[in-house]
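Participant: Input start18.txt, format and content: compact mmCIF, N, CA and C atoms and all ligand atoms.
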```txt
# COMPACT_ATOMS: atom_id res chain seq x y z
N MET A 1344 3.61 -13.43 -25.15
CA MET A 1344 3.01 -12.68 -24.01
C MET A 1344 2.24 -11.47 -24.54
N ALA A 1345 1.18 -11.14 -23.84
CA ALA A 1345 0.31 -10.04 -24.32
C ALA A 1345 0.93 -8.66 -24.10
N ILE A 1346 0.56 -7.74 -24.98
CA ILE A 1346 0.95 -6.34 -24.79
C ILE A 1346 0.08 -5.77 -23.67
N GLU A 1347 0.73 -5.19 -22.66
CA GLU A 1347 0.01 -4.62 -21.51
C GLU A 1347 0.41 -3.15 -21.33
N ARG A 1348 -0.39 -2.47 -20.52
CA ARG A 1348 -0.04 -1.11 -20.07
C ARG A 1348 -0.02 -1.11 -18.55
N THR A 1349 0.90 -0.35 -17.98
CA THR A 1349 1.00 -0.25 -16.52
C THR A 1349 1.25 1.19 -16.11
N LEU A 1350 0.82 1.53 -14.90
CA LEU A 1350 1.00 2.90 -14.42
C LEU A 1350 2.30 2.98 -13.63
N SER A 1351 3.09 3.98 -13.94
CA SER A 1351 4.36 4.21 -13.25
C SER A 1351 4.34 5.62 -12.67
N ILE A 1352 4.93 5.77 -11.50
CA ILE A 1352 5.13 7.12 -10.92
C ILE A 1352 6.59 7.28 -10.56
N ILE A 1353 7.20 8.34 -11.07
CA ILE A 1353 8.54 8.72 -10.60
C ILE A 1353 8.31 9.65 -9.42
N LYS A 1354 8.77 9.20 -8.25
CA LYS A 1354 8.37 9.82 -6.98
C LYS A 1354 9.20 11.07 -6.64
N PRO A 1355 8.74 11.82 -5.62
CA PRO A 1355 9.40 13.08 -5.25
C PRO A 1355 10.90 12.98 -4.99
N ASP A 1356 11.35 11.91 -4.35
CA ASP A 1356 12.80 11.84 -4.06
C ASP A 1356 13.61 11.82 -5.35
N ALA A 1357 13.02 11.26 -6.43
CA ALA A 1357 13.72 11.16 -7.71
C ALA A 1357 13.58 12.43 -8.54
N THR A 1358 12.37 13.02 -8.58
CA THR A 1358 12.22 14.26 -9.37
C THR A 1358 13.08 15.37 -8.77
N LYS A 1359 13.14 15.36 -7.42
CA LYS A 1359 13.94 16.38 -6.71
C LYS A 1359 15.42 16.30 -7.09
N ARG A 1360 15.90 15.06 -7.35
CA ARG A 1360 17.32 14.88 -7.69
C ARG A 1360 17.54 14.87 -9.19
N ASN A 1361 16.51 15.27 -9.96
CA ASN A 1361 16.63 15.40 -11.41
C ASN A 1361 16.95 14.06 -12.09
N LEU A 1362 16.29 13.00 -11.64
CA LEU A 1362 16.59 11.65 -12.14
C LEU A 1362 15.57 11.15 -13.17
N THR A 1363 14.64 11.99 -13.61
CA THR A 1363 13.58 11.52 -14.52
C THR A 1363 14.18 10.88 -15.78
N GLY A 1364 15.14 11.53 -16.39
CA GLY A 1364 15.72 11.01 -17.63
C GLY A 1364 16.44 9.68 -17.41
N LYS A 1365 17.20 9.59 -16.33
CA LYS A 1365 17.94 8.35 -16.06
C LYS A 1365 16.98 7.20 -15.80
N ILE A 1366 15.87 7.47 -15.09
CA ILE A 1366 14.88 6.42 -14.82
C ILE A 1366 14.15 6.04 -16.10
N ASN A 1367 13.78 7.03 -16.90
CA ASN A 1367 13.11 6.72 -18.18
C ASN A 1367 14.02 5.88 -19.08
N ALA A 1368 15.33 6.13 -19.03
CA ALA A 1368 16.25 5.33 -19.84
C ALA A 1368 16.20 3.87 -19.43
N LYS A 1369 16.06 3.60 -18.14
CA LYS A 1369 15.95 2.21 -17.66
C LYS A 1369 14.71 1.53 -18.24
N PHE A 1370 13.58 2.25 -18.26
CA PHE A 1370 12.36 1.67 -18.83
C PHE A 1370 12.56 1.36 -20.32
N GLU A 1371 13.11 2.33 -21.03
CA GLU A 1371 13.25 2.16 -22.48
C GLU A 1371 14.26 1.08 -22.82
N GLU A 1372 15.34 1.00 -22.05
CA GLU A 1372 16.34 -0.07 -22.29
C GLU A 1372 15.73 -1.45 -22.08
N ALA A 1373 14.71 -1.54 -21.21
CA ALA A 1373 14.04 -2.82 -20.94
C ALA A 1373 12.95 -3.12 -21.96
N GLY A 1374 12.76 -2.23 -22.93
CA GLY A 1374 11.76 -2.47 -23.98
C GLY A 1374 10.39 -1.92 -23.66
N LEU A 1375 10.29 -1.15 -22.58
CA LEU A 1375 9.01 -0.52 -22.25
C LEU A 1375 8.91 0.82 -22.98
N ARG A 1376 7.72 1.09 -23.51
CA ARG A 1376 7.49 2.33 -24.27
C ARG A 1376 6.66 3.28 -23.40
N ILE A 1377 7.10 4.53 -23.29
CA ILE A 1377 6.35 5.53 -22.50
C ILE A 1377 5.28 6.11 -23.42
N VAL A 1378 4.02 5.69 -23.21
CA VAL A 1378 2.95 6.10 -24.14
C VAL A 1378 2.13 7.26 -23.59
N ALA A 1379 2.40 7.68 -22.36
CA ALA A 1379 1.80 8.88 -21.78
C ALA A 1379 2.67 9.30 -20.61
N GLN A 1380 2.77 10.61 -20.39
CA GLN A 1380 3.62 11.09 -19.30
C GLN A 1380 3.26 12.54 -18.97
N LYS A 1381 3.16 12.82 -17.67
CA LYS A 1381 3.00 14.24 -17.26
C LYS A 1381 3.56 14.45 -15.86
N ARG A 1382 4.02 15.70 -15.64
CA ARG A 1382 4.58 16.07 -14.34
C ARG A 1382 3.48 16.84 -13.60
N ILE A 1383 3.16 16.38 -12.39
CA ILE A 1383 2.09 17.01 -11.62
C ILE A 1383 2.54 17.13 -10.16
N HIS A 1384 1.85 17.99 -9.42
CA HIS A 1384 2.13 18.11 -7.98
C HIS A 1384 0.84 17.71 -7.24
N LEU A 1385 0.85 16.52 -6.63
CA LEU A 1385 -0.33 16.00 -5.94
C LEU A 1385 -0.57 16.76 -4.64
N THR A 1386 -1.82 16.85 -4.23
CA THR A 1386 -2.13 17.28 -2.86
C THR A 1386 -2.08 16.02 -1.98
N PRO A 1387 -1.93 16.20 -0.65
CA PRO A 1387 -1.97 15.02 0.23
C PRO A 1387 -3.28 14.23 0.07
N ALA A 1388 -4.39 14.93 -0.14
CA ALA A 1388 -5.68 14.23 -0.31
C ALA A 1388 -5.69 13.38 -1.58
N GLN A 1389 -5.14 13.91 -2.66
CA GLN A 1389 -5.07 13.13 -3.91
C GLN A 1389 -4.17 11.91 -3.74
N ALA A 1390 -3.02 12.10 -3.06
CA ALA A 1390 -2.13 10.98 -2.80
C ALA A 1390 -2.84 9.93 -1.96
N GLY A 1391 -3.61 10.39 -0.97
CA GLY A 1391 -4.35 9.48 -0.10
C GLY A 1391 -5.39 8.68 -0.86
N GLN A 1392 -6.02 9.33 -1.83
CA GLN A 1392 -7.02 8.62 -2.65
C GLN A 1392 -6.34 7.56 -3.51
N PHE A 1393 -5.20 7.93 -4.09
CA PHE A 1393 -4.48 6.97 -4.94
C PHE A 1393 -4.04 5.75 -4.13
N TYR A 1394 -3.55 5.98 -2.90
CA TYR A 1394 -3.02 4.90 -2.07
C TYR A 1394 -4.05 4.40 -1.04
N ALA A 1395 -5.34 4.56 -1.34
CA ALA A 1395 -6.40 4.22 -0.38
C ALA A 1395 -6.28 2.79 0.17
N GLU A 1396 -5.76 1.87 -0.63
CA GLU A 1396 -5.66 0.47 -0.16
C GLU A 1396 -4.71 0.34 1.04
N HIS A 1397 -3.85 1.35 1.26
CA HIS A 1397 -2.90 1.29 2.38
C HIS A 1397 -3.36 2.10 3.59
N LYS A 1398 -4.62 2.52 3.58
CA LYS A 1398 -5.16 3.42 4.61
C LYS A 1398 -4.90 2.95 6.04
N GLU A 1399 -4.96 1.66 6.26
CA GLU A 1399 -4.82 1.13 7.63
C GLU A 1399 -3.36 0.92 8.02
N ARG A 1400 -2.43 1.12 7.11
CA ARG A 1400 -1.01 0.85 7.41
C ARG A 1400 -0.40 2.02 8.20
N GLY A 1401 0.56 1.70 9.04
CA GLY A 1401 1.18 2.71 9.89
C GLY A 1401 1.89 3.81 9.11
N PHE A 1402 2.32 3.50 7.88
CA PHE A 1402 3.09 4.47 7.10
C PHE A 1402 2.22 5.32 6.17
N TYR A 1403 0.88 5.16 6.25
CA TYR A 1403 -0.01 5.82 5.28
C TYR A 1403 0.14 7.36 5.28
N ALA A 1404 0.11 7.97 6.46
CA ALA A 1404 0.18 9.44 6.52
C ALA A 1404 1.53 9.92 5.98
N GLU A 1405 2.59 9.21 6.37
CA GLU A 1405 3.93 9.55 5.90
C GLU A 1405 4.01 9.41 4.37
N LEU A 1406 3.42 8.35 3.85
CA LEU A 1406 3.42 8.10 2.40
C LEU A 1406 2.69 9.23 1.66
N CYS A 1407 1.52 9.63 2.17
CA CYS A 1407 0.74 10.69 1.51
C CYS A 1407 1.49 12.03 1.54
N ASP A 1408 2.08 12.35 2.69
CA ASP A 1408 2.83 13.61 2.80
C ASP A 1408 4.03 13.60 1.86
N PHE A 1409 4.72 12.48 1.81
CA PHE A 1409 5.89 12.37 0.93
C PHE A 1409 5.48 12.53 -0.54
N MET A 1410 4.42 11.86 -0.95
CA MET A 1410 4.01 11.91 -2.36
C MET A 1410 3.54 13.31 -2.78
N ALA A 1411 3.19 14.13 -1.78
CA ALA A 1411 2.75 15.50 -2.07
C ALA A 1411 3.86 16.53 -1.80
N SER A 1412 5.04 16.07 -1.46
CA SER A 1412 6.10 16.98 -1.03
C SER A 1412 6.81 17.70 -2.18
N GLU A 1413 6.80 17.12 -3.33
CA GLU A 1413 7.47 17.66 -4.53
C GLU A 1413 6.68 17.13 -5.74
N PRO A 1414 6.94 17.65 -6.94
CA PRO A 1414 6.26 17.09 -8.11
C PRO A 1414 6.59 15.61 -8.33
N VAL A 1415 5.67 14.93 -9.01
CA VAL A 1415 5.91 13.56 -9.45
C VAL A 1415 5.72 13.51 -10.97
N VAL A 1416 6.24 12.49 -11.61
CA VAL A 1416 5.98 12.25 -13.03
C VAL A 1416 5.15 10.97 -13.11
N VAL A 1417 3.91 11.11 -13.60
CA VAL A 1417 3.06 9.93 -13.78
C VAL A 1417 3.14 9.53 -15.24
N GLN A 1418 3.16 8.24 -15.48
CA GLN A 1418 3.38 7.79 -16.86
C GLN A 1418 2.73 6.42 -17.09
N VAL A 1419 2.45 6.14 -18.33
CA VAL A 1419 1.94 4.82 -18.72
C VAL A 1419 3.00 4.15 -19.57
N LEU A 1420 3.40 2.96 -19.13
CA LEU A 1420 4.40 2.17 -19.85
C LEU A 1420 3.69 1.03 -20.57
N GLN A 1421 4.10 0.80 -21.79
CA GLN A 1421 3.46 -0.24 -22.61
C GLN A 1421 4.50 -1.21 -23.14
N GLY A 1422 4.13 -2.48 -23.19
CA GLY A 1422 5.03 -3.47 -23.76
C GLY A 1422 4.56 -4.88 -23.44
N GLU A 1423 5.29 -5.86 -23.95
CA GLU A 1423 4.94 -7.26 -23.66
C GLU A 1423 5.12 -7.52 -22.18
N GLY A 1424 4.07 -7.98 -21.53
CA GLY A 1424 4.14 -8.28 -20.10
C GLY A 1424 4.59 -7.08 -19.28
N ALA A 1425 4.10 -5.89 -19.63
CA ALA A 1425 4.62 -4.64 -19.06
C ALA A 1425 4.48 -4.57 -17.54
N ILE A 1426 3.44 -5.16 -16.98
CA ILE A 1426 3.22 -5.02 -15.53
C ILE A 1426 4.35 -5.71 -14.76
N LEU A 1427 4.62 -6.95 -15.11
CA LEU A 1427 5.69 -7.70 -14.44
C LEU A 1427 7.07 -7.15 -14.82
N LYS A 1428 7.23 -6.83 -16.10
CA LYS A 1428 8.53 -6.32 -16.55
C LYS A 1428 8.90 -5.05 -15.79
N ASN A 1429 7.91 -4.15 -15.62
CA ASN A 1429 8.20 -2.91 -14.90
C ASN A 1429 8.59 -3.20 -13.46
N ARG A 1430 7.94 -4.18 -12.83
CA ARG A 1430 8.28 -4.50 -11.44
C ARG A 1430 9.70 -5.07 -11.35
N GLU A 1431 10.11 -5.78 -12.40
CA GLU A 1431 11.50 -6.29 -12.43
C GLU A 1431 12.49 -5.13 -12.57
N VAL A 1432 12.16 -4.19 -13.44
CA VAL A 1432 13.06 -3.05 -13.68
C VAL A 1432 13.15 -2.16 -12.43
N MET A 1433 12.01 -2.05 -11.70
CA MET A 1433 12.01 -1.23 -10.47
C MET A 1433 12.84 -1.88 -9.37
N GLY A 1434 12.72 -3.19 -9.20
CA GLY A 1434 13.37 -3.87 -8.08
C GLY A 1434 12.48 -3.90 -6.85
N ALA A 1435 12.95 -4.55 -5.79
CA ALA A 1435 12.14 -4.73 -4.58
C ALA A 1435 11.78 -3.39 -3.95
N THR A 1436 10.63 -3.37 -3.25
CA THR A 1436 10.14 -2.14 -2.60
C THR A 1436 11.20 -1.51 -1.71
N ASN A 1437 11.85 -2.35 -0.91
CA ASN A 1437 12.92 -1.87 -0.04
C ASN A 1437 14.24 -1.95 -0.81
N PRO A 1438 14.90 -0.82 -1.05
CA PRO A 1438 16.13 -0.85 -1.86
C PRO A 1438 17.21 -1.76 -1.29
N ALA A 1439 17.14 -2.02 0.02
CA ALA A 1439 18.13 -2.92 0.63
C ALA A 1439 18.00 -4.34 0.06
N ASN A 1440 16.81 -4.66 -0.46
CA ASN A 1440 16.57 -6.00 -1.03
C ASN A 1440 16.55 -6.00 -2.55
N ALA A 1441 16.79 -4.87 -3.17
CA ALA A 1441 16.67 -4.77 -4.63
C ALA A 1441 17.91 -5.33 -5.34
N ALA A 1442 17.66 -5.98 -6.48
CA ALA A 1442 18.76 -6.58 -7.25
C ALA A 1442 19.60 -5.52 -7.94
N ASP A 1443 20.85 -5.89 -8.20
CA ASP A 1443 21.76 -4.99 -8.93
C ASP A 1443 21.15 -4.60 -10.27
N GLY A 1444 21.35 -3.35 -10.66
CA GLY A 1444 20.88 -2.88 -11.97
C GLY A 1444 19.46 -2.37 -11.96
N THR A 1445 18.71 -2.61 -10.87
CA THR A 1445 17.34 -2.12 -10.82
C THR A 1445 17.32 -0.64 -10.43
N ILE A 1446 16.19 0.01 -10.72
CA ILE A 1446 16.05 1.44 -10.41
C ILE A 1446 16.19 1.68 -8.91
N ARG A 1447 15.51 0.85 -8.12
CA ARG A 1447 15.55 1.10 -6.67
C ARG A 1447 16.93 0.83 -6.08
N LYS A 1448 17.64 -0.16 -6.62
CA LYS A 1448 19.00 -0.42 -6.14
C LYS A 1448 19.89 0.79 -6.43
N GLU A 1449 19.74 1.35 -7.63
CA GLU A 1449 20.64 2.44 -8.03
C GLU A 1449 20.25 3.80 -7.45
N PHE A 1450 18.93 4.03 -7.27
CA PHE A 1450 18.50 5.39 -6.96
C PHE A 1450 17.73 5.57 -5.66
N ALA A 1451 17.04 4.53 -5.16
CA ALA A 1451 16.15 4.72 -4.01
C ALA A 1451 16.95 5.02 -2.74
N LEU A 1452 16.31 5.80 -1.84
CA LEU A 1452 16.97 6.22 -0.61
C LEU A 1452 16.55 5.36 0.58
N SER A 1453 15.30 4.86 0.55
CA SER A 1453 14.76 4.09 1.66
C SER A 1453 13.48 3.41 1.18
N VAL A 1454 12.85 2.60 2.06
CA VAL A 1454 11.61 1.93 1.65
C VAL A 1454 10.51 2.94 1.36
N GLY A 1455 10.52 4.07 2.04
CA GLY A 1455 9.52 5.12 1.77
C GLY A 1455 9.90 5.94 0.56
N GLU A 1456 11.12 6.42 0.53
CA GLU A 1456 11.60 7.25 -0.58
C GLU A 1456 12.27 6.32 -1.60
N ASN A 1457 11.41 5.56 -2.29
CA ASN A 1457 11.94 4.48 -3.14
C ASN A 1457 11.81 4.76 -4.64
N SER A 1458 11.75 6.03 -4.98
CA SER A 1458 11.96 6.54 -6.36
C SER A 1458 10.87 6.25 -7.38
N VAL A 1459 10.25 5.07 -7.32
CA VAL A 1459 9.24 4.72 -8.33
C VAL A 1459 8.11 3.89 -7.73
N HIS A 1460 6.95 4.01 -8.35
CA HIS A 1460 5.81 3.14 -8.07
C HIS A 1460 5.42 2.46 -9.38
N GLY A 1461 4.96 1.21 -9.30
CA GLY A 1461 4.43 0.54 -10.48
C GLY A 1461 3.24 -0.33 -10.10
N SER A 1462 2.24 -0.39 -10.96
CA SER A 1462 1.05 -1.21 -10.71
C SER A 1462 1.46 -2.66 -10.45
N ASP A 1463 0.71 -3.34 -9.55
CA ASP A 1463 1.09 -4.71 -9.20
C ASP A 1463 0.21 -5.79 -9.82
N SER A 1464 -0.80 -5.42 -10.61
CA SER A 1464 -1.68 -6.42 -11.24
C SER A 1464 -2.44 -5.74 -12.38
N PRO A 1465 -3.06 -6.53 -13.27
CA PRO A 1465 -3.85 -5.92 -14.34
C PRO A 1465 -4.99 -5.06 -13.81
N ALA A 1466 -5.63 -5.50 -12.72
CA ALA A 1466 -6.75 -4.71 -12.16
C ALA A 1466 -6.23 -3.39 -11.59
N SER A 1467 -5.08 -3.42 -10.90
CA SER A 1467 -4.49 -2.18 -10.38
C SER A 1467 -4.08 -1.26 -11.51
N ALA A 1468 -3.49 -1.84 -12.55
CA ALA A 1468 -3.05 -1.02 -13.68
C ALA A 1468 -4.22 -0.27 -14.30
N GLU A 1469 -5.34 -0.96 -14.46
CA GLU A 1469 -6.51 -0.32 -15.06
C GLU A 1469 -7.01 0.83 -14.18
N ARG A 1470 -7.11 0.56 -12.88
CA ARG A 1470 -7.58 1.60 -11.95
C ARG A 1470 -6.60 2.77 -11.89
N GLU A 1471 -5.32 2.46 -11.79
CA GLU A 1471 -4.31 3.51 -11.59
C GLU A 1471 -4.12 4.36 -12.85
N ILE A 1472 -4.18 3.73 -14.03
CA ILE A 1472 -4.08 4.51 -15.28
C ILE A 1472 -5.28 5.45 -15.36
N GLY A 1473 -6.47 4.93 -15.04
CA GLY A 1473 -7.69 5.74 -15.09
C GLY A 1473 -7.69 6.86 -14.07
N PHE A 1474 -6.93 6.70 -12.99
CA PHE A 1474 -6.85 7.74 -11.96
C PHE A 1474 -6.18 9.00 -12.51
N PHE A 1475 -5.20 8.82 -13.38
CA PHE A 1475 -4.40 9.96 -13.85
C PHE A 1475 -4.65 10.35 -15.31
N PHE A 1476 -5.10 9.42 -16.14
CA PHE A 1476 -5.14 9.68 -17.58
C PHE A 1476 -6.50 9.36 -18.18
N SER A 1477 -6.86 10.14 -19.23
CA SER A 1477 -8.02 9.79 -20.04
C SER A 1477 -7.51 8.98 -21.24
N GLY A 1478 -8.39 8.25 -21.88
CA GLY A 1478 -7.99 7.43 -23.03
C GLY A 1478 -7.31 8.25 -24.12
N LEU A 1479 -7.74 9.49 -24.30
CA LEU A 1479 -7.19 10.34 -25.34
C LEU A 1479 -5.70 10.67 -25.12
N GLU A 1480 -5.27 10.57 -23.87
CA GLU A 1480 -3.88 10.92 -23.54
C GLU A 1480 -2.91 9.76 -23.75
N LEU A 1481 -3.42 8.58 -24.05
CA LEU A 1481 -2.56 7.39 -24.23
C LEU A 1481 -2.28 7.23 -25.71
N VAL A 1482 -1.03 7.46 -26.08
CA VAL A 1482 -0.68 7.42 -27.50
C VAL A 1482 0.35 6.33 -27.72
N GLY A 1483 -0.12 5.15 -28.12
CA GLY A 1483 0.76 3.99 -28.25
C GLY A 1483 1.46 3.95 -29.59
P1 LIG B 1 4.78 1.70 -3.70
O1 LIG B 1 5.16 0.64 -4.66
O2 LIG B 1 4.53 3.05 -4.21
O3 LIG B 1 3.49 1.21 -2.89
C1 LIG B 1 3.21 1.63 -1.58
C2 LIG B 1 4.32 2.38 -0.97
O4 LIG B 1 4.31 2.46 0.45
C3 LIG B 1 5.63 1.67 -1.27
O5 LIG B 1 5.95 1.79 -2.62
C4 LIG B 1 6.58 2.37 -0.31
O6 LIG B 1 7.13 3.54 -0.84
C5 LIG B 1 5.65 2.72 0.82
N1 LIG B 1 6.00 1.91 1.98
C6 LIG B 1 5.93 0.59 2.10
N2 LIG B 1 6.38 0.21 3.33
C7 LIG B 1 6.72 1.35 3.96
C8 LIG B 1 7.25 1.63 5.24
N3 LIG B 1 7.52 0.65 6.10
N4 LIG B 1 7.49 2.91 5.56
C9 LIG B 1 7.22 3.92 4.68
N5 LIG B 1 6.70 3.70 3.43
C10 LIG B 1 6.47 2.43 3.09
```
In structure tokens, what does this structure look like?
Ligand code: CMP

Facilitator:
Amino acid sequence: MAIERTLSIIKPDATKRNLTGKINAKFEEAGLRIVAQKRIHLTPAQAGQFYAEHKERGFYAELCDFMASEPVVVQVLQGEGAILKNREVMGATNPANAADGTIRKEFALSVGENSVHGSDSPASAEREIGFFFSGLELVG
């Protein structure tokens, strides 16, 4: 399988509870390498731009406000099949449906406050990594 990079966000509900290290341990235990990482505080407008594909959804405003409510940690994970592997490590979007041992099963509070985001395709990964990072910041 090819080496890929994917964009991950540790969301406000998790940074607020000081879970960054525990979540990063899950990525590293799964063989994903954190090749870029920074803690930032998004504005609602920046969150809205990032999640533009969900603009028509009923939860869009709530999602943007939540993502701007506290700092987030944005990061690039690298590894074999990293996009799919990260989605496995995260678990289902709704923690009620997430498998045992996944980040969302262990840490997420609800479908909205679900602790982590991960790119869902190679095209999304490319766009989402470029949204937060320049090439110089990716150190594999
Ligand atoms: P994420 O993987 O970051 O992609 C879009 C996000 O929208 C998703 O995780 C959820 O946090 C959020 N989301 C999806 N469905 C709902 C919902 N019904 N109510 C609130 N937020 C939602």

Participant: By how many Å are atom C of Ala1395 in chain A and atom C of Phe1409 in chain A apart?

Facilitator: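 According to the coordinates, atom C of Ala1395 in chain A and atom C of Phe1409 in chain A are separated by 15.3 Å.
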
Participant: Each residue of chain A lying at most 8 Å from ligand LIG 1 (chain B) should get a row with its shortest atom-to-atom pair and the distance in Å to one decimal, counting only N, CA and C atoms and all ligand atoms; could you produce that, ordered by chain and increasing number, as JSON lines?

Facilitator:
```
{"residue": "A:Ile1352", "atom": "N", "partner": "B:LIG1", "partner_atom": "O2", "distance": 7.8}
{"residue": "A:Tyr1394", "atom": "CA", "partner": "B:LIG1", "partner_atom": "C1", "distance": 7.1}
{"residue": "A:His1397", "atom": "CA", "partner": "B:LIG1", "partner_atom": "C1", "distance": 7.3}
{"residue": "A:Gly1401", "atom": "C", "partner": "B:LIG1", "partner_atom": "N4", "distance": 6.7}
{"residue": "A:Phe1402", "atom": "CA", "partner": "B:LIG1", "partner_atom": "C9", "distance": 4.8}
{"residue": "A:Tyr1403", "atom": "N", "partner": "B:LIG1", "partner_atom": "N5", "distance": 6.6}
{"residue": "A:Glu1405", "atom": "C", "partner": "B:LIG1", "partner_atom": "C9", "distance": 6.4}
{"residue": "A:Leu1406", "atom": "CA", "partner": "B:LIG1", "partner_atom": "N5", "distance": 5.6}
{"residue": "A:Cys1407", "atom": "N", "partner": "B:LIG1", "partner_atom": "O4", "distance": 7.9}
{"residue": "A:Ala1435", "atom": "C", "partner": "B:LIG1", "partner_atom": "O1", "distance": 7.8}
{"residue": "A:Thr1436", "atom": "CA", "partner": "B:LIG1", "partner_atom": "O5", "distance": 5.7}
{"residue": "A:Asn1437", "atom": "N", "partner": "B:LIG1", "partner_atom": "C4", "distance": 7.1}
{"residue": "A:Ser1453", "atom": "C", "partner": "B:LIG1", "partner_atom": "O6", "distance": 6.7}
{"residue": "A:Val1454", "atom": "C", "partner": "B:LIG1", "partner_atom": "O6", "distance": 4.1}
{"residue": "A:Gly1455", "atom": "CA", "partner": "B:LIG1", "partner_atom": "N5", "distance": 3.6}
{"residue": "A:Glu1456", "atom": "N", "partner": "B:LIG1", "partner_atom": "O6", "distance": 5.1}
{"residue": "A:Asn1457", "atom": "N", "partner": "B:LIG1", "partner_atom": "O6", "distance": 4.9}
{"residue": "A:Ser1458", "atom": "N", "partner": "B:LIG1", "partner_atom": "O6", "distance": 6.7}
{"residue": "A:Val1459", "atom": "C", "partner": "B:LIG1", "partner_atom": "O2", "distance": 5.1}
{"residue": "A:His1460", "atom": "CA", "partner": "B:LIG1", "partner_atom": "O2", "distance": 4.1}
{"residue": "A:Gly1461", "atom": "N", "partner": "B:LIG1", "partner_atom": "O1", "distance": 4.7}
{"residue": "A:Ser1462", "atom": "N", "partner": "B:LIG1", "partner_atom": "O1", "distance": 7.0}
{"residue": "A:Asp1463", "atom": "N", "partner": "B:LIG1", "partner_atom": "O1", "distance": 7.7}
```

Participant: Please compute the CA of Leu1350 in chain A-CA of Ile1377 in chain A distance, one decimal, in Å.

Facilitator: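 The value is 10.0 Å.
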
Participant: Using all atoms listed in the file, which protein or nucleic acid residues come within 8 Å of range 1465-1479 of chain A? Drop anything in the same chain fewer than 3 positions from it, and give the result as a list in words.

Facilitator: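 Here the answer would be Arg1348, Thr1349, Leu1350, Ser1351, Phe1393, Val1417, Gln1418, Val1419, Ile1426, Leu1427, Gly1461, Ser1462 and Val1482 of chain A.
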
Participant: Given all atoms listed in the file as the basis, pick out the residue of A:Ala1404, A:Ala1442, A:Met1344, A:Leu1420 nearest to Val1378 in chain A.

Facilitator: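 Of A:Ala1404, A:Ala1442, A:Met1344, A:Leu1420, the one nearest Val1378 in chain A, counting all atoms listed in the file, is A:Leu1420.
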
Participant: What does the structure give for the distance between CA of Glu1371 in chain A and atom N of Gln1421 in chain A, in Å to one decimal?

Facilitator: 9.3 Å

Participant: Kindly compute an axis-aligned box around the listed atoms of range 1362-1379 of chain A, allowing 8 Å on each side, and express its centre and edge lengths in Å to one decimal as lines of an AutoDock Vina configuration file.

Facilitator:
```
center_x = 9.9
center_y = 4.9
center_z = -18.0
size_x = 32.1
size_y = 32.1
size_z = 28.6
```

Participant: Excluding Lys1448 in chain A and residues on its chain fewer than 2 positions from it, collect all residues at most 9 Å away from it, counting only C-alpha atoms, and give them as an mmCIF file with N, CA and C atoms, in the coordinates of the input.

Facilitator:
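Below you can see out.cif, which holds the result:
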```cif
data_model
loop_
_atom_site.group_PDB
_atom_site.id
_atom_site.type_symbol
_atom_site.label_atom_id
_atom_site.label_comp_id
_atom_site.auth_asym_id
_atom_site.auth_seq_id
_atom_site.Cartn_x
_atom_site.Cartn_y
_atom_site.Cartn_z
ATOM 1 N N MET A 1433 12.010 -2.050 -11.700
ATOM 2 C CA MET A 1433 12.010 -1.230 -10.470
ATOM 3 C C MET A 1433 12.840 -1.880 -9.370
ATOM 4 N N GLY A 1434 12.720 -3.190 -9.200
ATOM 5 C CA GLY A 1434 13.370 -3.870 -8.080
ATOM 6 C C GLY A 1434 12.480 -3.900 -6.850
ATOM 7 N N ALA A 1435 12.950 -4.550 -5.790
ATOM 8 C CA ALA A 1435 12.140 -4.730 -4.580
ATOM 9 C C ALA A 1435 11.780 -3.390 -3.950
ATOM 10 N N ASN A 1437 11.850 -2.350 -0.910
ATOM 11 C CA ASN A 1437 12.920 -1.870 -0.040
ATOM 12 C C ASN A 1437 14.240 -1.950 -0.810
ATOM 13 N N PRO A 1438 14.900 -0.820 -1.050
ATOM 14 C CA PRO A 1438 16.130 -0.850 -1.860
ATOM 15 C C PRO A 1438 17.210 -1.760 -1.290
ATOM 16 N N ALA A 1439 17.140 -2.020 0.020
ATOM 17 C CA ALA A 1439 18.130 -2.920 0.630
ATOM 18 C C ALA A 1439 18.000 -4.340 0.060
ATOM 19 N N ASN A 1440 16.810 -4.660 -0.460
ATOM 20 C CA ASN A 1440 16.570 -6.000 -1.030
ATOM 21 C C ASN A 1440 16.550 -6.000 -2.550
ATOM 22 N N ALA A 1441 16.790 -4.870 -3.170
ATOM 23 C CA ALA A 1441 16.670 -4.770 -4.630
ATOM 24 C C ALA A 1441 17.910 -5.330 -5.340
ATOM 25 N N ALA A 1442 17.660 -5.980 -6.480
ATOM 26 C CA ALA A 1442 18.760 -6.580 -7.250
ATOM 27 C C ALA A 1442 19.600 -5.520 -7.940
ATOM 28 N N ASP A 1443 20.850 -5.890 -8.200
ATOM 29 C CA ASP A 1443 21.760 -4.990 -8.930
ATOM 30 C C ASP A 1443 21.150 -4.600 -10.270
ATOM 31 N N GLY A 1444 21.350 -3.350 -10.660
ATOM 32 C CA GLY A 1444 20.880 -2.880 -11.970
ATOM 33 C C GLY A 1444 19.460 -2.370 -11.960
ATOM 34 N N THR A 1445 18.710 -2.610 -10.870
ATOM 35 C CA THR A 1445 17.340 -2.120 -10.820
ATOM 36 C C THR A 1445 17.320 -0.640 -10.430
ATOM 37 N N ILE A 1446 16.190 0.010 -10.720
ATOM 38 C CA ILE A 1446 16.050 1.440 -10.410
ATOM 39 C C ILE A 1446 16.190 1.680 -8.910
ATOM 40 N N PHE A 1450 18.930 4.030 -7.270
ATOM 41 C CA PHE A 1450 18.500 5.390 -6.960
ATOM 42 C C PHE A 1450 17.730 5.570 -5.660
ATOM 43 N N ALA A 1451 17.040 4.530 -5.160
ATOM 44 C CA ALA A 1451 16.150 4.720 -4.010
ATOM 45 C C ALA A 1451 16.950 5.020 -2.740
ATOM 46 N N LEU A 1452 16.310 5.800 -1.840
ATOM 47 C CA LEU A 1452 16.970 6.220 -0.610
ATOM 48 C C LEU A 1452 16.550 5.360 0.580
#
```

Participant: Set the distance at 10 Å and use only C-alpha atoms: which residues neighbour Ser1412 in chain A once local chain neighbours fewer than 6 positions away are removed? I'd like the list as a list in words.

Facilitator: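 With the cut-off at 10 Å, the set is Lys1354, Pro1355, Asp1356, Lys1359, His1384, Leu1385, Thr1386, Pro1387 and Leu1406 of chain A.
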